[in-house]
Amino acid sequence: MTAAFETIANGLAEHGYSITDQFLNQAEVDAILSSGSFQAAAENFRKAGVGKQGPRRINEAIRGDYIQWLDKTSSSPAVSTYLNRVEALMQFMNHTLFLSLKDYEIHMTVYPVGSYYKRHLDQFRTDDHRKLSIICYLNEGWKEADGGHLRIYLPDRALDVLPIAGRLVCFRSDQLEHEVLPATRDRLSLTGWILDQFADLKHL
Ligand code: OGA
Ligand code: MN
């Protein structure tokens with residue numbers, strides 16, 4: 001993983017973003033998709049249309065995704081594999097880029113067919129603790145024609161990224177505006193942020 005971490009650090013330092021394939025390998029993606037936590041969330045996502053409990057759909061005019069925050073202390077082994085890799089990435093960034101990242105927050109995400117997230121920045125005026133956005137996609141056999149691109153607005157052009165399984169996109173939360181285009185399939189990911197504060201302090 002060290003080579004991948006180096007590539008990510010270089011990309012962030014030079015361009016403010018980085019795209020890494022095989023951040024999770026096929027077996028790791030499969031394990032997450034079939035893990036208890038993801039299956040339970042998927043079931044809840046399906047029910048969310050009728051019930052008031054479980055996963056949340058926030059501000060539907062702007063974004064149509066369902067999210068469920070991960071609890072680091074009770075994640076399945078498959079999800080923990082990912083969390084541990086994010087933790088290692090965070091430590092690596094601190095050493096190589098002299099950052100003082102402290103923690104991360106991650107949710108499982110499903111964009112149902114046709115839903116999107118309009119152009120936005122991941123830092124809010126009221127909360128600037130999100131430093132790096134990290135999204136790992138879990139969509140096997142995803143094709144260009146399926147849509148659902150992440151469109152990143154770089155200073156000189158827009159960059160469209162396909163949400164293919166195992167791919168990690170990492171970018172500076174305070175700098176790069178982006179949007180999620182609608183897809184013809186449900187679009188699954190683990191979406192998170194690396195913070196310069198402990199996650200449990202954020203909501204105090
Ligand atoms: C977000 C977001 C991008 C993606 O959740 O803030 O921009 O590709 N997600 O899922
Ligand atoms: Mn975003």
# chains A, B, ... in the order shown; residues from 1 in each chain; ligands from 1
$ select_by_dssp --residues "region 78-203 of chain A" --states "strand (DSSP E)" --output "PDB file with N, CA and C atoms, in the first residue's frame"
ATOM      1  N   ASP A 103      -8.667  12.261  12.670  1.00  0.00           N
ATOM      2  CA  ASP A 103      -9.740  11.273  12.735  1.00  0.00           C
ATOM      3  C   ASP A 103     -10.457  11.257  11.390  1.00  0.00           C
ATOM      4  N   TYR A 104     -11.442  10.395  11.266  1.00  0.00           N
ATOM      5  CA  TYR A 104     -12.195  10.341  10.018  1.00  0.00           C
ATOM      6  C   TYR A 104     -13.627   9.928  10.328  1.00  0.00           C
ATOM      7  N   GLU A 105     -14.530  10.267   9.407  1.00  0.00           N
ATOM      8  CA  GLU A 105     -15.933   9.857   9.524  1.00  0.00           C
ATOM      9  C   GLU A 105     -16.367   9.337   8.166  1.00  0.00           C
ATOM     10  N   ILE A 106     -17.051   8.197   8.184  1.00  0.00           N
ATOM     11  CA  ILE A 106     -17.365   7.520   6.928  1.00  0.00           C
ATOM     12  C   ILE A 106     -18.802   7.001   6.955  1.00  0.00           C
ATOM     13  N   HIS A 107     -19.499   7.203   5.851  1.00  0.00           N
ATOM     14  CA  HIS A 107     -20.816   6.570   5.763  1.00  0.00           C
ATOM     15  C   HIS A 107     -20.943   5.682   4.541  1.00  0.00           C
ATOM     16  N   MET A 108     -21.818   4.683   4.675  1.00  0.00           N
ATOM     17  CA  MET A 108     -22.201   3.884   3.524  1.00  0.00           C
ATOM     18  C   MET A 108     -23.199   4.715   2.740  1.00  0.00           C
ATOM     19  N   THR A 109     -23.105   4.613   1.426  1.00  0.00           N
ATOM     20  CA  THR A 109     -23.932   5.476   0.584  1.00  0.00           C
ATOM     21  C   THR A 109     -24.550   4.683  -0.554  1.00  0.00           C
ATOM     22  N   VAL A 110     -25.818   4.901  -0.777  1.00  0.00           N
ATOM     23  CA  VAL A 110     -26.468   4.369  -1.972  1.00  0.00           C
ATOM     24  C   VAL A 110     -27.185   5.510  -2.680  1.00  0.00           C
ATOM     25  N   TYR A 111     -26.841   5.679  -3.948  1.00  0.00           N
ATOM     26  CA  TYR A 111     -27.607   6.574  -4.814  1.00  0.00           C
ATOM     27  C   TYR A 111     -28.547   5.685  -5.626  1.00  0.00           C
ATOM     28  N   TYR A 117     -26.198  14.315  -6.923  1.00  0.00           N
ATOM     29  CA  TYR A 117     -25.825  15.289  -5.882  1.00  0.00           C
ATOM     30  C   TYR A 117     -25.293  16.489  -6.648  1.00  0.00           C
ATOM     31  N   LYS A 118     -25.988  17.600  -6.554  1.00  0.00           N
ATOM     32  CA  LYS A 118     -25.611  18.781  -7.331  1.00  0.00           C
ATOM     33  C   LYS A 118     -24.242  19.329  -6.920  1.00  0.00           C
ATOM     34  N   ARG A 119     -23.710  20.158  -7.770  1.00  0.00           N
ATOM     35  CA  ARG A 119     -22.374  20.727  -7.556  1.00  0.00           C
ATOM     36  C   ARG A 119     -22.256  21.354  -6.166  1.00  0.00           C
ATOM     37  N   HIS A 120     -21.209  20.991  -5.450  1.00  0.00           N
ATOM     38  CA  HIS A 120     -21.023  21.494  -4.079  1.00  0.00           C
ATOM     39  C   HIS A 120     -19.564  21.362  -3.645  1.00  0.00           C
ATOM     40  N   ARG A 130     -13.423  19.226   7.859  1.00  0.00           N
ATOM     41  CA  ARG A 130     -13.213  18.231   6.813  1.00  0.00           C
ATOM     42  C   ARG A 130     -12.059  18.700   5.924  1.00  0.00           C
ATOM     43  N   LYS A 131     -10.972  17.958   5.927  1.00  0.00           N
ATOM     44  CA  LYS A 131      -9.791  18.367   5.156  1.00  0.00           C
ATOM     45  C   LYS A 131      -9.673  17.582   3.852  1.00  0.00           C
ATOM     46  N   LEU A 132      -9.862  16.270   3.934  1.00  0.00           N
ATOM     47  CA  LEU A 132      -9.765  15.440   2.736  1.00  0.00           C
ATOM     48  C   LEU A 132     -11.048  14.636   2.568  1.00  0.00           C
ATOM     49  N   SER A 133     -11.579  14.650   1.358  1.00  0.00           N
ATOM     50  CA  SER A 133     -12.739  13.823   1.032  1.00  0.00           C
ATOM     51  C   SER A 133     -12.217  12.521   0.446  1.00  0.00           C
ATOM     52  N   ILE A 134     -12.766  11.409   0.899  1.00  0.00           N
ATOM     53  CA  ILE A 134     -12.315  10.110   0.387  1.00  0.00           C
ATOM     54  C   ILE A 134     -13.538   9.268   0.056  1.00  0.00           C
ATOM     55  N   ILE A 135     -13.603   8.827  -1.189  1.00  0.00           N
ATOM     56  CA  ILE A 135     -14.743   8.026  -1.616  1.00  0.00           C
ATOM     57  C   ILE A 135     -14.219   6.756  -2.254  1.00  0.00           C
ATOM     58  N   CYS A 136     -14.695   5.620  -1.756  1.00  0.00           N
ATOM     59  CA  CYS A 136     -14.307   4.335  -2.338  1.00  0.00           C
ATOM     60  C   CYS A 136     -15.555   3.695  -2.926  1.00  0.00           C
ATOM     61  N   TYR A 137     -15.482   3.355  -4.196  1.00  0.00           N
ATOM     62  CA  TYR A 137     -16.652   2.841  -4.907  1.00  0.00           C
ATOM     63  C   TYR A 137     -16.728   1.323  -4.848  1.00  0.00           C
ATOM     64  N   LEU A 150     -18.572  10.869 -11.006  1.00  0.00           N
ATOM     65  CA  LEU A 150     -18.220  11.974 -10.115  1.00  0.00           C
ATOM     66  C   LEU A 150     -17.557  13.015 -11.020  1.00  0.00           C
ATOM     67  N   ARG A 151     -18.140  14.198 -11.086  1.00  0.00           N
ATOM     68  CA  ARG A 151     -17.547  15.263 -11.910  1.00  0.00           C
ATOM     69  C   ARG A 151     -16.831  16.237 -10.984  1.00  0.00           C
ATOM     70  N   ILE A 152     -15.504  16.291 -11.150  1.00  0.00           N
ATOM     71  CA  ILE A 152     -14.694  17.187 -10.313  1.00  0.00           C
ATOM     72  C   ILE A 152     -14.370  18.436 -11.124  1.00  0.00           C
ATOM     73  N   TYR A 153     -14.635  19.591 -10.542  1.00  0.00           N
ATOM     74  CA  TYR A 153     -14.367  20.850 -11.239  1.00  0.00           C
ATOM     75  C   TYR A 153     -12.961  21.341 -10.908  1.00  0.00           C
ATOM     76  N   ALA A 158     -13.419  20.173 -16.348  1.00  0.00           N
ATOM     77  CA  ALA A 158     -14.163  19.226 -15.500  1.00  0.00           C
ATOM     78  C   ALA A 158     -13.623  17.825 -15.771  1.00  0.00           C
ATOM     79  N   LEU A 159     -13.450  17.062 -14.714  1.00  0.00           N
ATOM     80  CA  LEU A 159     -12.921  15.700 -14.829  1.00  0.00           C
ATOM     81  C   LEU A 159     -14.007  14.734 -14.388  1.00  0.00           C
ATOM     82  N   ASP A 160     -14.382  13.794 -15.276  1.00  0.00           N
ATOM     83  CA  ASP A 160     -15.419  12.815 -14.941  1.00  0.00           C
ATOM     84  C   ASP A 160     -14.788  11.494 -14.528  1.00  0.00           C
ATOM     85  N   VAL A 161     -15.176  10.993 -13.371  1.00  0.00           N
ATOM     86  CA  VAL A 161     -14.596   9.763 -12.819  1.00  0.00           C
ATOM     87  C   VAL A 161     -15.694   8.720 -12.687  1.00  0.00           C
ATOM     88  N   LEU A 168     -10.486   4.480  -5.341  1.00  0.00           N
ATOM     89  CA  LEU A 168     -10.564   5.509  -4.300  1.00  0.00           C
ATOM     90  C   LEU A 168     -10.302   6.876  -4.921  1.00  0.00           C
ATOM     91  N   VAL A 169     -11.201   7.802  -4.662  1.00  0.00           N
ATOM     92  CA  VAL A 169     -10.970   9.190  -5.055  1.00  0.00           C
ATOM     93  C   VAL A 169     -10.730   9.989  -3.787  1.00  0.00           C
ATOM     94  N   CYS A 170      -9.681  10.785  -3.810  1.00  0.00           N
ATOM     95  CA  CYS A 170      -9.330  11.582  -2.635  1.00  0.00           C
ATOM     96  C   CYS A 170      -9.099  13.009  -3.114  1.00  0.00           C
ATOM     97  N   PHE A 171      -9.710  13.976  -2.446  1.00  0.00           N
ATOM     98  CA  PHE A 171      -9.463  15.368  -2.859  1.00  0.00           C
ATOM     99  C   PHE A 171      -9.596  16.314  -1.677  1.00  0.00           C
ATOM    100  N   ARG A 172      -9.061  17.507  -1.866  1.00  0.00           N
ATOM    101  CA  ARG A 172      -9.102  18.510  -0.797  1.00  0.00           C
ATOM    102  C   ARG A 172     -10.509  19.049  -0.629  1.00  0.00           C
ATOM    103  N   GLU A 177     -14.806  21.759  -6.002  1.00  0.00           N
ATOM    104  CA  GLU A 177     -16.241  21.545  -6.150  1.00  0.00           C
ATOM    105  C   GLU A 177     -16.449  20.311  -7.027  1.00  0.00           C
ATOM    106  N   HIS A 178     -17.545  19.636  -6.790  1.00  0.00           N
ATOM    107  CA  HIS A 178     -17.800  18.393  -7.522  1.00  0.00           C
ATOM    108  C   HIS A 178     -19.288  18.094  -7.503  1.00  0.00           C
ATOM    109  N   GLU A 179     -19.702  17.152  -8.335  1.00  0.00           N
ATOM    110  CA  GLU A 179     -21.095  16.725  -8.330  1.00  0.00           C
ATOM    111  C   GLU A 179     -21.190  15.264  -8.730  1.00  0.00           C
ATOM    112  N   VAL A 180     -22.324  14.652  -8.402  1.00  0.00           N
ATOM    113  CA  VAL A 180     -22.567  13.257  -8.787  1.00  0.00           C
ATOM    114  C   VAL A 180     -23.672  13.262  -9.828  1.00  0.00           C
ATOM    115  N   ARG A 187     -25.977   3.075  -7.119  1.00  0.00           N
ATOM    116  CA  ARG A 187     -24.550   3.407  -7.072  1.00  0.00           C
ATOM    117  C   ARG A 187     -24.094   3.372  -5.621  1.00  0.00           C
ATOM    118  N   LEU A 188     -23.175   2.455  -5.314  1.00  0.00           N
ATOM    119  CA  LEU A 188     -22.767   2.211  -3.927  1.00  0.00           C
ATOM    120  C   LEU A 188     -21.358   2.707  -3.651  1.00  0.00           C
ATOM    121  N   SER A 189     -21.163   3.230  -2.464  1.00  0.00           N
ATOM    122  CA  SER A 189     -19.815   3.676  -2.093  1.00  0.00           C
ATOM    123  C   SER A 189     -19.669   3.776  -0.585  1.00  0.00           C
ATOM    124  N   LEU A 190     -18.433   3.920  -0.170  1.00  0.00           N
ATOM    125  CA  LEU A 190     -18.113   4.334   1.193  1.00  0.00           C
ATOM    126  C   LEU A 190     -17.584   5.752   1.050  1.00  0.00           C
ATOM    127  N   THR A 191     -18.271   6.685   1.678  1.00  0.00           N
ATOM    128  CA  THR A 191     -17.941   8.102   1.510  1.00  0.00           C
ATOM    129  C   THR A 191     -17.458   8.642   2.840  1.00  0.00           C
ATOM    130  N   GLY A 192     -16.319   9.346   2.813  1.00  0.00           N
ATOM    131  CA  GLY A 192     -15.825   9.811   4.105  1.00  0.00           C
ATOM    132  C   GLY A 192     -14.971  11.056   4.010  1.00  0.00           C
ATOM    133  N   TRP A 193     -14.599  11.500   5.188  1.00  0.00           N
ATOM    134  CA  TRP A 193     -13.767  12.690   5.304  1.00  0.00           C
ATOM    135  C   TRP A 193     -12.722  12.471   6.372  1.00  0.00           C
ATOM    136  N   ILE A 194     -11.525  12.932   6.097  1.00  0.00           N
ATOM    137  CA  ILE A 194     -10.478  12.924   7.109  1.00  0.00           C
ATOM    138  C   ILE A 194     -10.469  14.320   7.726  1.00  0.00           C
ATOM    139  N   LEU A 195     -10.460  14.334   9.053  1.00  0.00           N
ATOM    140  CA  LEU A 195     -10.711  15.562   9.814  1.00  0.00           C
ATOM    141  C   LEU A 195      -9.471  16.019  10.555  1.00  0.00           C
TER     142      LEU A 195
END
$ residues_around --residues "Asn25 (chain A)" --least-positions-apart "2" --cutoff "12 Å" --atoms "only C-alpha atoms" --output "ChimeraX atom specification"
/A:1,20-23,27-32,78,81-82,136-138,140,164-168
$ closest_residue --among "A:Asp65, A:Glu14, A:Glu60, A:Glu6" --to "ligand 1" --atoms "only C-alpha atoms and all ligand atoms"
A:Asp65
$ select_by_dssp --residues "region 20-135 of chain A" --states "alpha helix (DSSP H)" --output "MDAnalysis selection string"
chainID A and resid 26:33 36:48 77:97
$ closest_residue --among "A:His129, A:His149, A:Arg157, A:Arg185" --to "ligand 1" --atoms "only C-alpha atoms and all ligand atoms"
A:His149
$ residues_around --residues "Asn84 (chain A)" --least-positions-apart "5" --cutoff "12 Å" --atoms "only C-alpha atoms" --output "PDB file with N, CA and C atoms, in the first residue's frame"
ATOM      1  N   MET A   1       0.813  -1.222   0.000  1.00  0.00           N
ATOM      2  CA  MET A   1       0.000   0.000   0.000  1.00  0.00           C
ATOM      3  C   MET A   1       0.847   1.272   0.000  1.00  0.00           C
ATOM      4  N   LEU A  24      -9.093  -1.018  -2.869  1.00  0.00           N
ATOM      5  CA  LEU A  24      -9.605  -2.288  -2.351  1.00  0.00           C
ATOM      6  C   LEU A  24      -9.578  -3.262  -3.516  1.00  0.00           C
ATOM      7  N   LYS A  72     -17.259   2.875  14.057  1.00  0.00           N
ATOM      8  CA  LYS A  72     -15.946   2.211  13.989  1.00  0.00           C
ATOM      9  C   LYS A  72     -15.821   1.074  14.986  1.00  0.00           C
ATOM     10  N   THR A  73     -16.545   1.182  16.097  1.00  0.00           N
ATOM     11  CA  THR A  73     -16.362   0.177  17.155  1.00  0.00           C
ATOM     12  C   THR A  73     -17.140  -1.109  16.873  1.00  0.00           C
ATOM     13  N   SER A  75     -17.964  -2.313  13.469  1.00  0.00           N
ATOM     14  CA  SER A  75     -18.012  -2.642  12.048  1.00  0.00           C
ATOM     15  C   SER A  75     -17.631  -4.093  11.814  1.00  0.00           C
ATOM     16  N   SER A  76     -18.115  -4.634  10.711  1.00  0.00           N
ATOM     17  CA  SER A  76     -17.752  -5.999  10.335  1.00  0.00           C
ATOM     18  C   SER A  76     -16.264  -6.031   9.997  1.00  0.00           C
ATOM     19  N   PRO A  77     -15.655  -7.239  10.046  1.00  0.00           N
ATOM     20  CA  PRO A  77     -14.233  -7.339   9.684  1.00  0.00           C
ATOM     21  C   PRO A  77     -13.945  -6.771   8.296  1.00  0.00           C
ATOM     22  N   ALA A  78     -14.860  -6.993   7.356  1.00  0.00           N
ATOM     23  CA  ALA A  78     -14.624  -6.512   5.990  1.00  0.00           C
ATOM     24  C   ALA A  78     -14.573  -4.979   5.953  1.00  0.00           C
ATOM     25  N   VAL A  79     -15.492  -4.348   6.649  1.00  0.00           N
ATOM     26  CA  VAL A  79     -15.505  -2.879   6.690  1.00  0.00           C
ATOM     27  C   VAL A  79     -14.298  -2.367   7.478  1.00  0.00           C
ATOM     28  N   LEU A  89      -3.631   5.540   5.820  1.00  0.00           N
ATOM     29  CA  LEU A  89      -3.482   6.632   4.851  1.00  0.00           C
ATOM     30  C   LEU A  89      -3.382   7.971   5.583  1.00  0.00           C
ATOM     31  N   MET A  90      -4.217   8.134   6.593  1.00  0.00           N
ATOM     32  CA  MET A  90      -4.197   9.379   7.372  1.00  0.00           C
ATOM     33  C   MET A  90      -2.829   9.586   8.035  1.00  0.00           C
ATOM     34  N   GLN A  91      -2.301   8.533   8.637  1.00  0.00           N
ATOM     35  CA  GLN A  91      -0.986   8.641   9.301  1.00  0.00           C
ATOM     36  C   GLN A  91       0.099   8.983   8.267  1.00  0.00           C
ATOM     37  N   ASP A 103      -8.667  12.261  12.670  1.00  0.00           N
ATOM     38  CA  ASP A 103      -9.740  11.273  12.735  1.00  0.00           C
ATOM     39  C   ASP A 103     -10.457  11.257  11.390  1.00  0.00           C
ATOM     40  N   TYR A 104     -11.442  10.395  11.266  1.00  0.00           N
ATOM     41  CA  TYR A 104     -12.195  10.341  10.018  1.00  0.00           C
ATOM     42  C   TYR A 104     -13.627   9.928  10.328  1.00  0.00           C
TER      43      TYR A 104
END
$ atom_distance --atom1 "CA of Phe5 (chain A)" --atom2 "CA of Gly36 (chain A)"
28.5 Å
